[in-house]
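The data block below is structure07.pdb; it holds PDB, C-alpha atoms.
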MODEL        1
ATOM      1  CA  MET A   8     182.588 108.579  77.306  1.00  0.00           C
ATOM      2  CA  THR A   9     185.737 108.365  75.229  1.00  0.00           C
ATOM      3  CA  GLY A  10     186.130 112.136  75.023  1.00  0.00           C
ATOM      4  CA  TYR A  11     186.435 112.572  78.800  1.00  0.00           C
ATOM      5  CA  PRO A  12     188.641 109.929  80.437  1.00  0.00           C
ATOM      6  CA  MET A  13     188.220 108.711  84.005  1.00  0.00           C
ATOM      7  CA  LEU A  14     191.277 110.596  85.280  1.00  0.00           C
ATOM      8  CA  ASP A  15     189.826 113.873  84.013  1.00  0.00           C
ATOM      9  CA  ILE A  16     186.561 113.145  85.840  1.00  0.00           C
ATOM     10  CA  PHE A  17     188.501 112.412  89.018  1.00  0.00           C
ATOM     11  CA  LEU A  18     190.531 115.623  88.674  1.00  0.00           C
ATOM     12  CA  SER A  19     187.389 117.666  87.986  1.00  0.00           C
ATOM     13  CA  VAL A  20     185.744 116.310  91.136  1.00  0.00           C
ATOM     14  CA  LEU A  21     188.949 116.916  93.103  1.00  0.00           C
ATOM     15  CA  TYR A  22     189.163 120.515  91.849  1.00  0.00           C
ATOM     16  CA  PHE A  23     185.505 121.128  92.666  1.00  0.00           C
ATOM     17  CA  PHE A  24     185.823 119.861  96.239  1.00  0.00           C
ATOM     18  CA  GLY A  25     189.078 121.775  96.663  1.00  0.00           C
ATOM     19  CA  TRP A  26     187.303 124.941  95.531  1.00  0.00           C
ATOM     20  CA  VAL A  27     184.402 124.316  97.951  1.00  0.00           C
ATOM     21  CA  LEU A  28     186.891 123.678 100.772  1.00  0.00           C
ATOM     22  CA  TRP A  29     188.741 126.890  99.925  1.00  0.00           C
ATOM     23  CA  LEU A  30     185.498 128.907  99.930  1.00  0.00           C
ATOM     24  CA  MET A  31     184.419 127.479 103.281  1.00  0.00           C
ATOM     25  CA  LEU A  32     187.839 128.177 104.764  1.00  0.00           C
ATOM     26  CA  MET A  33     187.806 131.725 103.398  1.00  0.00           C
ATOM     27  CA  PHE A  34     184.400 132.516 104.928  1.00  0.00           C
ATOM     28  CA  TRP A  35     185.392 130.857 108.207  1.00  0.00           C
ATOM     29  CA  ILE A  36     188.529 133.020 108.363  1.00  0.00           C
ATOM     30  CA  ILE A  37     186.620 136.197 107.453  1.00  0.00           C
ATOM     31  CA  THR A  38     184.131 135.406 110.229  1.00  0.00           C
ATOM     32  CA  ASP A  39     187.013 134.844 112.647  1.00  0.00           C
ATOM     33  CA  ILE A  40     188.575 138.167 111.639  1.00  0.00           C
ATOM     34  CA  PHE A  41     185.406 140.118 112.378  1.00  0.00           C
ATOM     35  CA  ARG A  42     184.723 138.278 115.658  1.00  0.00           C
ATOM     36  CA  SER A  43     188.267 138.663 116.956  1.00  0.00           C
ATOM     37  CA  ASP A  44     188.458 141.068 119.900  1.00  0.00           C
ATOM     38  CA  ASP A  45     192.249 141.307 119.936  1.00  0.00           C
ATOM     39  CA  LEU A  46     192.524 142.875 116.457  1.00  0.00           C
ATOM     40  CA  SER A  47     192.094 146.592 115.865  1.00  0.00           C
ATOM     41  CA  GLY A  48     189.973 147.896 113.031  1.00  0.00           C
ATOM     42  CA  TRP A  49     193.010 148.534 110.827  1.00  0.00           C
ATOM     43  CA  ALA A  50     194.365 145.042 111.469  1.00  0.00           C
ATOM     44  CA  LYS A  51     190.998 143.554 110.533  1.00  0.00           C
ATOM     45  CA  ALA A  52     190.948 145.625 107.346  1.00  0.00           C
ATOM     46  CA  GLY A  53     194.517 144.562 106.531  1.00  0.00           C
ATOM     47  CA  TRP A  54     193.771 140.869 106.975  1.00  0.00           C
ATOM     48  CA  LEU A  55     190.588 141.202 104.932  1.00  0.00           C
ATOM     49  CA  VAL A  56     192.418 142.937 102.072  1.00  0.00           C
ATOM     50  CA  ALA A  57     195.165 140.308 102.178  1.00  0.00           C
ATOM     51  CA  ILE A  58     192.629 137.488 101.983  1.00  0.00           C
ATOM     52  CA  ILE A  59     190.639 139.088  99.169  1.00  0.00           C
ATOM     53  CA  ILE A  60     193.551 140.383  97.050  1.00  0.00           C
ATOM     54  CA  LEU A  61     195.883 137.385  97.501  1.00  0.00           C
ATOM     55  CA  PRO A  62     193.475 134.636  98.537  1.00  0.00           C
ATOM     56  CA  LEU A  63     195.789 131.614  98.648  1.00  0.00           C
ATOM     57  CA  VAL A  64     198.711 133.422 100.275  1.00  0.00           C
ATOM     58  CA  GLY A  65     196.453 135.433 102.607  1.00  0.00           C
ATOM     59  CA  ILE A  66     194.633 132.349 103.878  1.00  0.00           C
ATOM     60  CA  LEU A  67     197.853 130.391 104.364  1.00  0.00           C
ATOM     61  CA  VAL A  68     199.546 133.257 106.221  1.00  0.00           C
ATOM     62  CA  TYR A  69     196.455 133.794 108.393  1.00  0.00           C
ATOM     63  CA  LEU A  70     196.305 130.107 109.284  1.00  0.00           C
ATOM     64  CA  ILE A  71     200.015 130.068 110.138  1.00  0.00           C
ATOM     65  CA  ALA A  72     199.912 133.316 112.134  1.00  0.00           C
ATOM     66  CA  ARG A  73     196.565 132.968 113.919  1.00  0.00           C
ATOM     67  CA  GLY A  74     195.392 129.393 113.287  1.00  0.00           C
ATOM     68  CA  GLY A  75     195.987 128.143 116.826  1.00  0.00           C
ATOM     69  CA  SER A  76     194.170 131.042 118.411  1.00  0.00           C
ATOM     70  CA  MET A  77     191.162 130.522 116.113  1.00  0.00           C
ATOM     71  CA  ARG A  78     190.298 127.352 118.014  1.00  0.00           C
ATOM     72  CA  GLU A  79     190.852 129.021 121.389  1.00  0.00           C
ATOM     73  CA  ARG A  80     188.598 131.943 120.487  1.00  0.00           C
ATOM     74  CA  GLN A  81     185.897 129.575 119.209  1.00  0.00           C
ATOM     75  CA  GLU A  82     186.059 127.464 122.377  1.00  0.00           C
ATOM     76  CA  ALA A  83     185.883 130.566 124.588  1.00  0.00           C
ATOM     77  CA  ARG A  84     182.866 131.833 122.625  1.00  0.00           C
ATOM     78  CA  VAL A  85     181.102 128.465 122.957  1.00  0.00           C
ATOM     79  CA  ARG A  86     181.876 128.269 126.696  1.00  0.00           C
ATOM     80  CA  ALA A  87     180.533 131.808 127.211  1.00  0.00           C
ATOM     81  CA  GLN A  88     177.338 131.015 125.284  1.00  0.00           C
ATOM     82  CA  ASP A  89     176.866 127.787 127.232  1.00  0.00           C
ATOM     83  CA  ALA A  90     177.402 129.560 130.566  1.00  0.00           C
ATOM     84  CA  ALA A  91     174.982 132.325 129.592  1.00  0.00           C
ATOM     85  CA  PHE A  92     172.351 129.765 128.585  1.00  0.00           C
ATOM     86  CA  ARG A  93     172.765 127.788 131.808  1.00  0.00           C
ATOM     87  CA  ASP A  94     172.510 130.990 133.876  1.00  0.00           C
ATOM     88  CA  TYR A  95     169.370 131.958 131.997  1.00  0.00           C
ATOM     89  CA  VAL A  96     167.796 128.554 132.629  1.00  0.00           C
ATOM     90  CA  ARG A  97     168.707 128.673 136.320  1.00  0.00           C
ATOM     91  CA  GLN A  98     167.304 132.195 136.658  1.00  0.00           C
ATOM     92  CA  ALA A  99     164.127 131.234 134.819  1.00  0.00           C
ATOM     93  CA  ALA A 100     163.661 128.155 136.989  1.00  0.00           C
ATOM     94  CA  ALA A 101     164.412 130.111 140.173  1.00  0.00           C
ATOM     95  CA  THR A 102     162.155 133.003 139.167  1.00  0.00           C
ATOM     96  CA  ASP A 103     159.231 130.718 138.375  1.00  0.00           C
ATOM     97  CA  GLY A 104     159.720 128.808 141.612  1.00  0.00           C
ATOM     98  CA  SER A 105     160.438 131.661 143.981  1.00  0.00           C
ATOM     99  CA  ALA A 106     157.662 133.941 142.693  1.00  0.00           C
ATOM    100  CA  GLY A 107     154.897 131.544 143.688  1.00  0.00           C
ATOM    101  CA  THR A 108     156.464 130.576 147.012  1.00  0.00           C
ATOM    102  CA  ALA A 109     157.444 134.146 147.887  1.00  0.00           C
ATOM    103  CA  GLY A 110     153.897 135.342 147.223  1.00  0.00           C
ATOM    104  CA  ALA A 111     152.461 132.582 149.367  1.00  0.00           C
ATOM    105  CA  ALA A 112     154.938 133.266 152.166  1.00  0.00           C
ATOM    106  CA  ALA A 113     154.222 136.996 152.060  1.00  0.00           C
ATOM    107  CA  SER A 114     150.488 136.477 152.393  1.00  0.00           C
ATOM    108  CA  GLY A 115     151.017 134.043 155.256  1.00  0.00           C
ATOM    109  CA  SER A 116     149.008 131.181 153.755  1.00  0.00           C
ATOM    110  CA  ALA A 117     149.807 128.194 151.594  1.00  0.00           C
ATOM    111  CA  ALA A 118     148.724 128.442 147.992  1.00  0.00           C
ATOM    112  CA  PRO A 119     145.719 126.296 147.144  1.00  0.00           C
ATOM    113  CA  ALA A 120     145.832 124.112 144.036  1.00  0.00           C
ATOM    114  CA  GLY A 121     143.504 126.208 141.862  1.00  0.00           C
ATOM    115  CA  ASN A 122     144.446 129.739 142.844  1.00  0.00           C
ATOM    116  CA  GLY A 123     144.979 131.017 139.307  1.00  0.00           C
ATOM    117  CA  GLY A 124     148.724 131.270 138.774  1.00  0.00           C
ATOM    118  CA  ALA A 125     150.509 130.589 142.060  1.00  0.00           C
ATOM    119  CA  THR A 126     152.549 127.407 141.980  1.00  0.00           C
ATOM    120  CA  THR A 127     152.526 124.660 144.566  1.00  0.00           C
ATOM    121  CA  ALA A 128     155.423 122.548 145.790  1.00  0.00           C
ATOM    122  CA  SER A 129     154.309 119.669 143.591  1.00  0.00           C
ATOM    123  CA  ASP A 130     154.339 121.976 140.535  1.00  0.00           C
ATOM    124  CA  GLU A 131     157.862 123.077 141.411  1.00  0.00           C
ATOM    125  CA  LEU A 132     159.027 119.483 141.854  1.00  0.00           C
ATOM    126  CA  ALA A 133     157.501 118.563 138.498  1.00  0.00           C
ATOM    127  CA  LYS A 134     159.359 121.447 136.810  1.00  0.00           C
ATOM    128  CA  LEU A 135     162.606 120.447 138.487  1.00  0.00           C
ATOM    129  CA  ALA A 136     162.170 116.815 137.472  1.00  0.00           C
ATOM    130  CA  SER A 137     161.526 117.873 133.890  1.00  0.00           C
ATOM    131  CA  LEU A 138     164.649 120.065 133.838  1.00  0.00           C
ATOM    132  CA  HIS A 139     166.676 117.238 135.386  1.00  0.00           C
ATOM    133  CA  GLN A 140     165.430 114.679 132.845  1.00  0.00           C
ATOM    134  CA  ARG A 141     166.268 116.984 129.929  1.00  0.00           C
ATOM    135  CA  GLY A 142     169.792 117.434 131.262  1.00  0.00           C
ATOM    136  CA  VAL A 143     169.463 121.135 132.024  1.00  0.00           C
ATOM    137  CA  LEU A 144     170.159 120.524 135.712  1.00  0.00           C
ATOM    138  CA  ASN A 145     172.804 118.087 136.893  1.00  0.00           C
ATOM    139  CA  ASP A 146     172.311 115.844 139.946  1.00  0.00           C
ATOM    140  CA  ASP A 147     173.768 118.313 142.460  1.00  0.00           C
ATOM    141  CA  GLU A 148     171.734 121.254 141.169  1.00  0.00           C
ATOM    142  CA  PHE A 149     168.606 119.117 141.165  1.00  0.00           C
ATOM    143  CA  ALA A 150     169.204 118.008 144.773  1.00  0.00           C
ATOM    144  CA  ARG A 151     169.807 121.592 145.958  1.00  0.00           C
ATOM    145  CA  ALA A 152     166.724 122.926 144.180  1.00  0.00           C
ATOM    146  CA  LYS A 153     164.621 120.050 145.470  1.00  0.00           C
ATOM    147  CA  ALA A 154     165.776 120.696 149.034  1.00  0.00           C
ATOM    148  CA  ARG A 155     164.921 124.378 148.622  1.00  0.00           C
ATOM    149  CA  VAL A 156     161.389 123.557 147.450  1.00  0.00           C
ATOM    150  CA  VAL A 157     160.710 120.898 150.077  1.00  0.00           C
TER     151      VAL A 157
ENDMDL
END
Would you kindly transcribe this structure into structure tokens?
Amino acid sequence: MTGYPMLDIFLSVLYFFGWVLWLMLMFWIITDIFRSDDLSGWAKAGWLVAIIILPLVGILVYLIARGGSMRERQEARVRAQDAAFRDYVRQAAATDGSAGTAGAAASGSAAPAGNGGATTASDELAKLASLHQRGVLNDDEFARAKARVV
């Protein structure tokens, strides 16, 4: 261990983690460039060339010029994905619930328990309770859906 002092080990580890951090930052910025809707194709190509040709300067300039908007774009993307998922869950829950009740209402009779596919009010309440327990539906949504079923 005399040929490689402790300070050299520390510096080697520091350089390695710095290199890993730089690589992660570079790929994060390249991903942000391609996902950015406000940049034209030529601007995206210019930023990409700047980051690949002059990596340290390109990354620093990108972070200074567009660093604040990176977070805003990421938050907007996450909010849009969350809203789309919640809409999908609501539509799926409403479609499953309204299909069985609409079919029963159209035929003029209540659906018996073993009718091969049509759902009863207790089935709907069980689905709603499950969605509410998993956190998919909040208290207000659960109360409205429950009132609609009952």
What lies within 12 Å of Val64 in chain A using only C-alpha atoms, ignoring chain neighbours under 6 positions off, as an MDAnalysis selection string? chainID A and resid 29 33 54 56:58 70:72
Do a neighbour search on Ala152 in chain A at 10 Å with all atoms listed in the file, toss out local chain neighbours closer than 2 positions, and write the hits as a count of residues only. 17
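The space between CA of Leu28 in chain A and CA of Arg80 in chain A spans 21.4 Å.
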For Arg84 in chain A, which residue out of A:Arg42, A:Lys134, A:Gly65, A:Gly53 is the nearest one, using all atoms listed in the file? A:Arg42
For the atom pair CA of Ala128 in chain A and CA of Gln98 in chain A, what is the interatomic distance in Å to one decimal place?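 Separation between CA of Ala128 in chain A and CA of Gln98 in chain A: 17.8 Å.
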